[in-house]
>>> print(open('input29.cif').read())   # mmCIF, C-alpha atoms and all ligand atoms
data_input
#
loop_
_atom_site.group_PDB
_atom_site.id
_atom_site.type_symbol
_atom_site.label_atom_id
_atom_site.label_comp_id
_atom_site.auth_asym_id
_atom_site.auth_seq_id
_atom_site.Cartn_x
_atom_site.Cartn_y
_atom_site.Cartn_z
ATOM 1 C CA MET D 1 -13.250 -9.536 -2.712
ATOM 2 C CA THR D 2 -12.986 -7.021 -5.503
ATOM 3 C CA LEU D 3 -11.876 -3.450 -5.073
ATOM 4 C CA GLU D 4 -13.029 -1.021 -7.703
ATOM 5 C CA VAL D 5 -11.599 2.454 -8.049
ATOM 6 C CA LYS D 6 -14.019 4.583 -10.046
ATOM 7 C CA ASN D 7 -13.213 7.978 -11.522
ATOM 8 C CA LEU D 8 -11.206 8.903 -8.449
ATOM 9 C CA THR D 9 -10.116 12.538 -8.344
ATOM 10 C CA LYS D 10 -8.365 14.667 -5.720
ATOM 11 C CA GLU D 11 -8.114 18.375 -6.168
ATOM 12 C CA TYR D 12 -5.700 20.452 -4.117
ATOM 13 C CA ILE D 13 -5.302 24.195 -4.041
ATOM 14 C CA ARG D 14 -1.829 25.530 -4.790
ATOM 15 C CA GLY D 15 -1.496 29.257 -4.492
ATOM 16 C CA ARG D 16 -4.887 30.338 -5.781
ATOM 17 C CA THR D 17 -5.373 27.654 -8.362
ATOM 18 C CA ALA D 18 -6.857 24.221 -7.988
ATOM 19 C CA PHE D 19 -5.024 21.309 -9.548
ATOM 20 C CA ARG D 20 -5.822 17.636 -9.773
ATOM 21 C CA ALA D 21 -3.196 15.588 -7.927
ATOM 22 C CA VAL D 22 -5.238 12.526 -8.963
ATOM 23 C CA ASN D 23 -7.268 12.902 -12.116
ATOM 24 C CA ASN D 24 -10.153 10.583 -12.921
ATOM 25 C CA VAL D 25 -8.440 7.291 -12.064
ATOM 26 C CA SER D 26 -10.263 3.972 -12.516
ATOM 27 C CA PHE D 27 -9.090 0.382 -12.121
ATOM 28 C CA VAL D 28 -10.143 -2.924 -10.594
ATOM 29 C CA VAL D 29 -8.175 -5.048 -8.108
ATOM 30 C CA ARG D 30 -8.982 -8.740 -7.777
ATOM 31 C CA PRO D 31 -7.883 -11.316 -5.172
ATOM 32 C CA GLY D 32 -4.235 -12.235 -5.575
ATOM 33 C CA ASP D 33 -3.427 -9.327 -7.887
ATOM 34 C CA PHE D 34 0.005 -7.791 -7.539
ATOM 35 C CA ILE D 35 -0.231 -4.219 -8.730
ATOM 36 C CA ASN D 36 2.779 -1.969 -9.178
ATOM 37 C CA ILE D 37 2.267 1.771 -9.407
ATOM 38 C CA ILE D 38 5.285 3.636 -10.694
ATOM 39 C CA GLY D 39 5.781 7.294 -11.530
ATOM 40 C CA ARG D 40 7.831 10.366 -10.720
ATOM 41 C CA SER D 41 7.842 12.009 -7.340
ATOM 42 C CA GLY D 42 4.871 14.361 -7.054
ATOM 43 C CA SER D 43 2.820 12.545 -9.709
ATOM 44 C CA GLY D 44 0.025 11.704 -7.241
ATOM 45 C CA LYS D 45 0.807 8.101 -6.202
ATOM 46 C CA SER D 46 0.539 8.572 -2.432
ATOM 47 C CA THR D 47 -2.579 10.711 -2.796
ATOM 48 C CA LEU D 48 -4.180 7.893 -4.807
ATOM 49 C CA VAL D 49 -3.392 5.098 -2.341
ATOM 50 C CA ASN D 50 -4.298 7.238 0.658
ATOM 51 C CA MET D 51 -7.786 7.633 -0.828
ATOM 52 C CA ILE D 52 -7.990 3.866 -1.379
ATOM 53 C CA ALA D 53 -6.957 3.325 2.255
ATOM 54 C CA CYS D 54 -9.682 5.759 3.437
ATOM 55 C CA LEU D 55 -7.044 8.076 4.890
ATOM 56 C CA LEU D 56 -8.060 10.890 2.565
ATOM 57 C CA SER D 57 -11.433 11.695 1.040
ATOM 58 C CA PRO D 58 -11.716 12.145 -2.708
ATOM 59 C CA THR D 59 -12.998 15.261 -4.436
ATOM 60 C CA GLU D 60 -14.859 13.049 -6.881
ATOM 61 C CA GLY D 61 -15.282 9.364 -7.573
ATOM 62 C CA SER D 62 -15.454 6.322 -5.335
ATOM 63 C CA VAL D 63 -13.675 3.234 -4.033
ATOM 64 C CA GLU D 64 -15.929 0.209 -3.784
ATOM 65 C CA ILE D 65 -15.191 -3.073 -2.057
ATOM 66 C CA ASP D 66 -17.641 -5.692 -3.265
ATOM 67 C CA GLY D 67 -19.999 -2.895 -4.263
ATOM 68 C CA LEU D 68 -19.828 -0.975 -0.969
ATOM 69 C CA ASN D 69 -18.592 2.591 -1.410
ATOM 70 C CA ILE D 70 -16.003 2.918 1.347
ATOM 71 C CA THR D 71 -15.293 6.589 0.659
ATOM 72 C CA SER D 72 -18.815 7.513 1.761
ATOM 73 C CA LEU D 73 -18.475 5.858 5.189
ATOM 74 C CA LYS D 74 -18.382 7.981 8.328
ATOM 75 C CA ASP D 75 -15.003 8.318 10.082
ATOM 76 C CA LYS D 76 -15.585 5.576 12.609
ATOM 77 C CA GLU D 77 -17.010 3.093 10.097
ATOM 78 C CA ALA D 78 -14.195 3.944 7.701
ATOM 79 C CA SER D 79 -11.539 3.171 10.280
ATOM 80 C CA VAL D 80 -13.162 -0.118 11.255
ATOM 81 C CA TYR D 81 -13.349 -1.026 7.601
ATOM 82 C CA ARG D 82 -9.812 0.008 6.828
ATOM 83 C CA ASN D 83 -8.478 -1.809 9.836
ATOM 84 C CA SER D 84 -10.118 -5.096 8.913
ATOM 85 C CA LYS D 85 -9.926 -5.130 5.106
ATOM 86 C CA ILE D 86 -6.853 -3.108 4.251
ATOM 87 C CA GLY D 87 -3.302 -3.528 5.514
ATOM 88 C CA TYR D 88 -1.343 -0.329 5.030
ATOM 89 C CA ILE D 89 2.433 -0.092 4.922
ATOM 90 C CA SER D 90 3.369 3.559 4.960
ATOM 91 C CA GLN D 91 6.449 5.024 3.355
ATOM 92 C CA GLY D 92 7.939 6.420 6.521
ATOM 93 C CA GLN D 93 8.685 4.864 9.868
ATOM 94 C CA SER D 94 5.432 3.897 11.537
ATOM 95 C CA THR D 95 6.202 1.733 14.555
ATOM 96 C CA LEU D 96 5.402 2.833 18.101
ATOM 97 C CA ALA D 97 8.670 3.476 19.947
ATOM 98 C CA SER D 98 7.404 2.391 23.351
ATOM 99 C CA LEU D 99 6.233 -1.050 22.194
ATOM 100 C CA ASN D 100 8.425 -3.999 21.327
ATOM 101 C CA VAL D 101 8.219 -5.658 17.916
ATOM 102 C CA LEU D 102 5.666 -8.272 18.957
ATOM 103 C CA ASP D 103 3.320 -5.680 20.455
ATOM 104 C CA ASN D 104 3.711 -3.363 17.455
ATOM 105 C CA VAL D 105 2.499 -6.164 15.206
ATOM 106 C CA ARG D 106 -0.484 -6.778 17.506
ATOM 107 C CA VAL D 107 -1.713 -3.152 17.547
ATOM 108 C CA PRO D 108 -4.234 -3.328 14.639
ATOM 109 C CA PHE D 109 -5.775 -6.492 16.097
ATOM 110 C CA HIS D 110 -6.560 -4.715 19.338
ATOM 111 C CA LEU D 111 -7.771 -1.571 17.570
ATOM 112 C CA SER D 112 -10.355 -3.715 15.847
ATOM 113 C CA LYS D 113 -11.559 -4.997 19.263
ATOM 114 C CA ARG D 114 -11.506 -8.597 18.147
ATOM 115 C CA LYS D 115 -12.044 -11.389 20.585
ATOM 116 C CA GLY D 116 -9.141 -13.572 21.628
ATOM 117 C CA THR D 117 -5.443 -12.939 21.634
ATOM 118 C CA SER D 118 -3.277 -11.973 18.738
ATOM 119 C CA GLU D 119 -0.057 -13.336 20.189
ATOM 120 C CA GLU D 120 0.065 -16.585 18.304
ATOM 121 C CA ALA D 121 -0.825 -14.954 15.001
ATOM 122 C CA ALA D 122 1.752 -12.219 15.593
ATOM 123 C CA ARG D 123 4.483 -14.743 16.396
ATOM 124 C CA SER D 124 3.648 -16.705 13.293
ATOM 125 C CA LEU D 125 3.854 -13.536 11.150
ATOM 126 C CA LEU D 126 7.206 -12.634 12.714
ATOM 127 C CA GLU D 127 8.349 -16.125 11.802
ATOM 128 C CA GLN D 128 7.162 -15.685 8.210
ATOM 129 C CA THR D 129 8.761 -12.274 7.863
ATOM 130 C CA GLY D 130 12.042 -13.604 9.259
ATOM 131 C CA ILE D 131 12.252 -11.507 12.431
ATOM 132 C CA ALA D 132 11.070 -13.921 15.132
ATOM 133 C CA HIS D 133 14.389 -13.404 16.901
ATOM 134 C CA LEU D 134 13.542 -9.694 17.264
ATOM 135 C CA SER D 135 10.130 -10.168 18.939
ATOM 136 C CA GLU D 136 11.179 -8.571 22.193
ATOM 137 C CA ALA D 137 13.385 -5.863 20.631
ATOM 138 C CA PHE D 138 12.385 -2.211 20.417
ATOM 139 C CA PRO D 139 12.102 -0.310 17.123
ATOM 140 C CA ARG D 140 15.033 2.005 17.864
ATOM 141 C CA HIS D 141 17.403 -0.964 17.718
ATOM 142 C CA LEU D 142 16.192 -2.192 14.320
ATOM 143 C CA SER D 143 17.572 -1.583 10.821
ATOM 144 C CA GLY D 144 15.458 -0.102 8.011
ATOM 145 C CA GLY D 145 14.825 -3.523 6.482
ATOM 146 C CA GLU D 146 13.833 -5.028 9.835
ATOM 147 C CA LEU D 147 11.413 -2.148 10.470
ATOM 148 C CA LYS D 148 9.820 -2.793 7.058
ATOM 149 C CA ARG D 149 9.316 -6.426 8.039
ATOM 150 C CA VAL D 150 7.594 -5.304 11.229
ATOM 151 C CA ALA D 151 5.324 -3.033 9.141
ATOM 152 C CA ILE D 152 4.499 -5.923 6.802
ATOM 153 C CA ALA D 153 3.706 -8.307 9.679
ATOM 154 C CA ARG D 154 1.536 -5.630 11.275
ATOM 155 C CA ALA D 155 -0.299 -4.994 7.996
ATOM 156 C CA LEU D 156 -1.194 -8.700 7.857
ATOM 157 C CA ILE D 157 -2.345 -9.286 11.449
ATOM 158 C CA ASN D 158 -6.049 -8.787 10.663
ATOM 159 C CA GLN D 159 -5.870 -10.972 7.541
ATOM 160 C CA PRO D 160 -6.797 -8.131 5.199
ATOM 161 C CA ASP D 161 -8.056 -8.649 1.662
ATOM 162 C CA PHE D 162 -5.841 -5.856 0.366
ATOM 163 C CA VAL D 163 -2.364 -4.689 1.294
ATOM 164 C CA ILE D 164 -1.188 -1.252 0.228
ATOM 165 C CA ALA D 165 2.533 -0.511 0.389
ATOM 166 C CA ASP D 166 3.812 3.002 -0.325
ATOM 167 C CA GLU D 167 7.407 2.682 -1.546
ATOM 168 C CA PRO D 168 8.293 -0.175 0.834
ATOM 169 C CA THR D 169 11.787 -0.541 -0.589
ATOM 170 C CA SER D 170 12.901 3.072 -0.665
ATOM 171 C CA ASP D 171 16.132 3.496 1.314
ATOM 172 C CA LEU D 172 16.872 -0.232 1.282
ATOM 173 C CA ASP D 173 19.878 -1.952 -0.283
ATOM 174 C CA VAL D 174 19.484 -4.292 -3.256
ATOM 175 C CA GLN D 175 19.559 -7.503 -1.225
ATOM 176 C CA THR D 176 17.017 -6.279 1.345
ATOM 177 C CA THR D 177 14.811 -4.906 -1.450
ATOM 178 C CA ALA D 178 14.728 -8.363 -3.027
ATOM 179 C CA GLU D 179 13.803 -9.955 0.298
ATOM 180 C CA ILE D 180 11.000 -7.460 0.989
ATOM 181 C CA MET D 181 9.681 -7.945 -2.565
ATOM 182 C CA ASN D 182 9.658 -11.675 -2.031
ATOM 183 C CA LEU D 183 7.629 -11.295 1.138
ATOM 184 C CA LEU D 184 5.050 -9.146 -0.656
ATOM 185 C CA LYS D 185 4.950 -11.592 -3.537
ATOM 186 C CA ASN D 186 4.190 -14.389 -1.079
ATOM 187 C CA VAL D 187 1.383 -12.268 0.368
ATOM 188 C CA ALA D 188 -0.224 -11.956 -3.077
ATOM 189 C CA GLU D 189 0.161 -15.706 -3.598
ATOM 190 C CA THR D 190 -2.038 -16.354 -0.564
ATOM 191 C CA GLY D 191 -4.845 -14.424 -2.306
ATOM 192 C CA THR D 192 -4.419 -11.056 -0.594
ATOM 193 C CA ALA D 193 -4.145 -8.410 -3.292
ATOM 194 C CA VAL D 194 -1.079 -6.172 -3.064
ATOM 195 C CA ILE D 195 -0.961 -2.609 -4.372
ATOM 196 C CA MET D 196 2.604 -1.390 -4.270
ATOM 197 C CA ILE D 197 4.057 1.984 -5.149
ATOM 198 C CA THR D 198 7.641 1.800 -6.237
ATOM 199 C CA HIS D 199 10.200 3.701 -8.214
ATOM 200 C CA ASP D 200 12.434 0.704 -8.047
ATOM 201 C CA MET D 201 12.526 -0.862 -11.497
ATOM 202 C CA GLU D 202 14.003 -4.066 -10.027
ATOM 203 C CA ALA D 203 10.814 -4.497 -8.094
ATOM 204 C CA LEU D 204 8.762 -4.769 -11.288
ATOM 205 C CA GLU D 205 9.950 -8.318 -11.946
ATOM 206 C CA SER D 206 7.313 -9.792 -9.717
ATOM 207 C CA GLY D 207 4.531 -7.444 -10.764
ATOM 208 C CA SER D 208 1.572 -9.026 -12.440
ATOM 209 C CA ARG D 209 0.194 -5.636 -13.446
ATOM 210 C CA THR D 210 1.959 -2.307 -13.711
ATOM 211 C CA PHE D 211 0.433 1.151 -13.819
ATOM 212 C CA VAL D 212 2.214 4.398 -14.530
ATOM 213 C CA MET D 213 1.163 7.619 -12.812
ATOM 214 C CA GLU D 214 1.884 10.808 -14.704
ATOM 215 C CA ALA D 215 0.590 14.156 -13.413
ATOM 216 C CA GLY D 216 -2.400 12.494 -11.763
ATOM 217 C CA ILE D 217 -3.299 10.271 -14.709
ATOM 218 C CA LEU D 218 -2.918 6.512 -14.334
ATOM 219 C CA THR D 219 -2.258 4.270 -17.334
ATOM 220 C CA GLU D 220 -1.859 0.494 -17.334
ATOM 221 C CA ARG D 221 1.097 -1.027 -19.137
ATOM 222 C CA ALA D 222 0.700 -4.075 -21.288
ATOM 223 C CA SER D 223 1.633 -7.077 -19.136
ATOM 224 C CA ASP D 224 4.401 -8.410 -21.382
ATOM 225 C CA LEU D 225 6.150 -5.059 -21.156
ATOM 226 C CA SER D 226 5.811 -4.845 -17.400
ATOM 227 C CA ARG D 227 7.967 -7.935 -17.069
ATOM 228 C CA SER D 228 10.787 -6.534 -19.124
ATOM 229 C CA GLY D 229 10.501 -3.128 -17.471
ATOM 230 C CA THR D 230 10.627 -1.192 -20.723
ATOM 231 C CA GLN D 231 8.805 1.907 -21.888
ATOM 232 C CA PRO D 232 5.057 2.353 -21.389
ATOM 233 C CA LEU D 233 2.975 1.195 -24.304
ATOM 234 C CA ARG D 234 1.939 3.996 -26.611
ATOM 235 C CA CYS D 235 -0.345 3.843 -29.600
ATOM 236 C CA ARG D 236 1.355 4.536 -32.892
ATOM 237 C CA LYS D 237 -0.367 6.817 -35.275
HETATM 238 N N1 LIG Y 301 -2.317 18.405 1.245
HETATM 239 C C1 LIG Y 301 -1.850 18.877 0.070
HETATM 240 N N2 LIG Y 301 -2.155 20.125 -0.352
HETATM 241 C C2 LIG Y 301 -1.700 20.605 -1.541
HETATM 242 N N3 LIG Y 301 -0.958 19.876 -2.391
HETATM 243 C C3 LIG Y 301 -0.622 18.617 -2.023
HETATM 244 C C4 LIG Y 301 -1.042 18.045 -0.771
HETATM 245 N N4 LIG Y 301 -0.558 16.782 -0.701
HETATM 246 C C5 LIG Y 301 0.130 16.564 -1.829
HETATM 247 N N5 LIG Y 301 0.098 17.665 -2.630
HETATM 248 C C6 LIG Y 301 0.696 17.785 -3.973
HETATM 249 O O1 LIG Y 301 0.062 16.814 -4.800
HETATM 250 C C7 LIG Y 301 0.989 16.261 -5.720
HETATM 251 C C8 LIG Y 301 1.017 14.744 -5.570
HETATM 252 O O2 LIG Y 301 1.609 14.413 -4.326
HETATM 253 P P1 LIG Y 301 1.847 12.896 -3.896
HETATM 254 O O3 LIG Y 301 0.572 12.172 -4.030
HETATM 255 O O4 LIG Y 301 2.485 12.906 -2.560
HETATM 256 O O5 LIG Y 301 2.870 12.389 -5.018
HETATM 257 P P2 LIG Y 301 3.837 11.122 -5.070
HETATM 258 O O6 LIG Y 301 3.427 10.186 -3.969
HETATM 259 O O7 LIG Y 301 3.663 10.560 -6.439
HETATM 260 O O8 LIG Y 301 5.231 11.645 -4.869
HETATM 261 C C9 LIG Y 301 2.317 16.933 -5.437
HETATM 262 O O9 LIG Y 301 2.465 18.001 -6.353
HETATM 263 C C10 LIG Y 301 2.158 17.462 -4.017
HETATM 264 O O10 LIG Y 301 2.948 18.610 -3.820
HETATM 265 MG MG MG Y 302 4.560 9.411 -2.355
#
>>> encode(input="input29.cif", output="structure tokens", more="lines below")
Ligand SMILES: Nc1ncnc2c1ncn2[C@@H]1O[C@H](COP(=O)(O)OP(=O)(O)O)[C@@H](O)[C@H]1O
Ligand SMILES: [Mg+2]
Amino acid sequence: MTLEVKNLTKEYIRGRTAFRAVNNVSFVVRPGDFINIIGRSGSGKSTLVNMIACLLSPTEGSVEIDGLNITSLKDKEASVYRNSKIGYISQGQSTLASLNVLDNVRVPFHLSKRKGTSEEAARSLLEQTGIAHLSEAFPRHLSGGELKRVAIARALINQPDFVIADEPTSDLDVQTTAEIMNLLKNVAETGTAVIMITHDMEALESGSRTFVMEAGILTERASDLSRSGTQPLRCRK
């Protein structure tokens, strides 16, 4: 499945003036892509991915999955679509306190009213994310890194074509960051495209494509530079 972001724009009002938090952004995501989006705080990264995840409607432009414009879907259709095609890992804490780890991972499966049980799939994902031993534990007893693993397992339960992760390694130590990055890299290797926001330059190592967001404008870096994590490519005059 191909996801195409076309001329995506989000205008907000600040004071009395409108400004473009996301300004005419276009790019294409293909199966197995690993996309890094970097940029300063406030540059529009979360606004961009929230529009891609159908959590926010654009002022202009569209997001198409295999030619279907998902930003024009009605609320209910949009949530069904998002739930089945897109796994979303939010920046903040997002588990439900009253459910144990296993049941947290199963939530999106049951929201999508699929037939069958999700238990086996959830246990297998907990195995893959390295937290099978925490299946029966409750979120309040988990560390930041363990909670991120729960969020990753949950994002994968409906076998989405795209996973969006908004700063999944913020607040994590170097070792845990590397482990979380590895998990996401493995996800992309199975063919699920990953779109990851990060300000962690370490994380860029595994990125196949890197985009820089600057005041709402998104620019792709040349791939050889993305591996070395150096300055964005600029044309010389
Ligand atoms: N609902 C909103 N109304 C007005 N301005 C907003 C709203 N949400 C975000 N912004 C502004 O849009 C800009 C981009 O925000 P955001 O997408 O969260 O940036 P980032 O994720 O890169 O830190 C910021 O200047 C922020 O203050
Ligand atoms: Mg953000």
>>> closest_residue(input="input29.cif", among="D:Asn104, D:Thr219, D:Ser26, D:Thr2", to="Arg149 of chain D", atoms="only C-alpha atoms")
D:Asn104
>>> residues_near_ligand(input="input29.cif", ligand="ligand MG 302 (chain Y)", cutoff="12 Å", atoms="all atoms listed in the file", output="PyMOL selection string")
chain D and resi 21+37-50+90-92+165-168+170+196-199+213
>>> residues_around(input="input29.cif", residues="segment 60-67 of chain D", least_positions_apart="6", cutoff="6 Å", atoms="all atoms listed in the file", output="list of chain:residue names")
D:Met1, D:Thr2, D:Leu3, D:Glu4, D:Val5, D:Lys6, D:Asn7, D:Leu8, D:Thr9
>>> closest_residue(input="input29.cif", among="D:Ile131, D:Ile152, D:Val22, D:Met181", to="ligand LIG 301 (chain Y)", atoms="all atoms listed in the file")
D:Val22
>>> closest_residue(input="input29.cif", among="D:Gly216, D:Pro108, D:Gly32, D:Gly145", to="Glu189 of chain D", atoms="all atoms listed in the file")
D:Gly32
>>> resolve_selection(input="input29.cif", expression="the PyMOL selection byres (((chain D and resi 86) around 12) and not hetatm)", output="PyMOL selection string")
chain D and resi 1+3+49-55+65+70+78-85+87-89+108+152+154-165+192-195
>>> axis_aligned_box(input="input29.cif", around="ligand LIG 301 (chain Y)", padding_each_side="8 Å", output="AutoDock Vina command-line options")
--center_x 1.5 --center_y 15.4 --center_z -2.6 --size_x 23.5 --size_y 26.4 --size_z 23.7
>>> atom_distance(input="input29.cif", atom1="atom CA of Pro31 of chain D", atom2="atom CA of Gly191 of chain D")
5.2 Å
>>> residues_around(input="input29.cif", residues="Arg106 of chain D", least_positions_apart="4", cutoff="8 Å", atoms="only C-alpha atoms", output="VMD selection string")
chain D and resid 102 110 118 to 119 122 154 157
>>> closest_residue(input="input29.cif", among="D:Val212, D:Val105, D:Arg221, D:Arg123", to="ligand LIG 301 (chain Y)", atoms="all atoms listed in the file")
D:Val212
>>> closest_residue(input="input29.cif", among="D:Leu147, D:Ala215, D:Ala222, D:Ala132", to="ligand LIG 301 (chain Y)", atoms="only C-alpha atoms and all ligand atoms")
D:Ala215
>>> closest_residue(input="input29.cif", among="D:Leu218, D:Pro139, D:Glu179, D:Leu184", to="ligand LIG 301 (chain Y)", atoms="all atoms listed in the file")
D:Leu218
>>> resolve_selection(input="input29.cif", expression="the PyMOL selection byres (((chain D and resi 136) around 10) and not hetatm)", output="VMD selection string")
chain D and resid 99 to 103 132 to 135 137 to 139
>>> atom_distance(input="input29.cif", atom1="atom CA of Thr190 of chain D", atom2="atom CA of Val28 of chain D")
18.6 Å
>>> atom_distance(input="input29.cif", atom1="atom O9 of ligand LIG 301 (chain Y)", atom2="atom CA of Ile180 of chain D")
27.8 Å
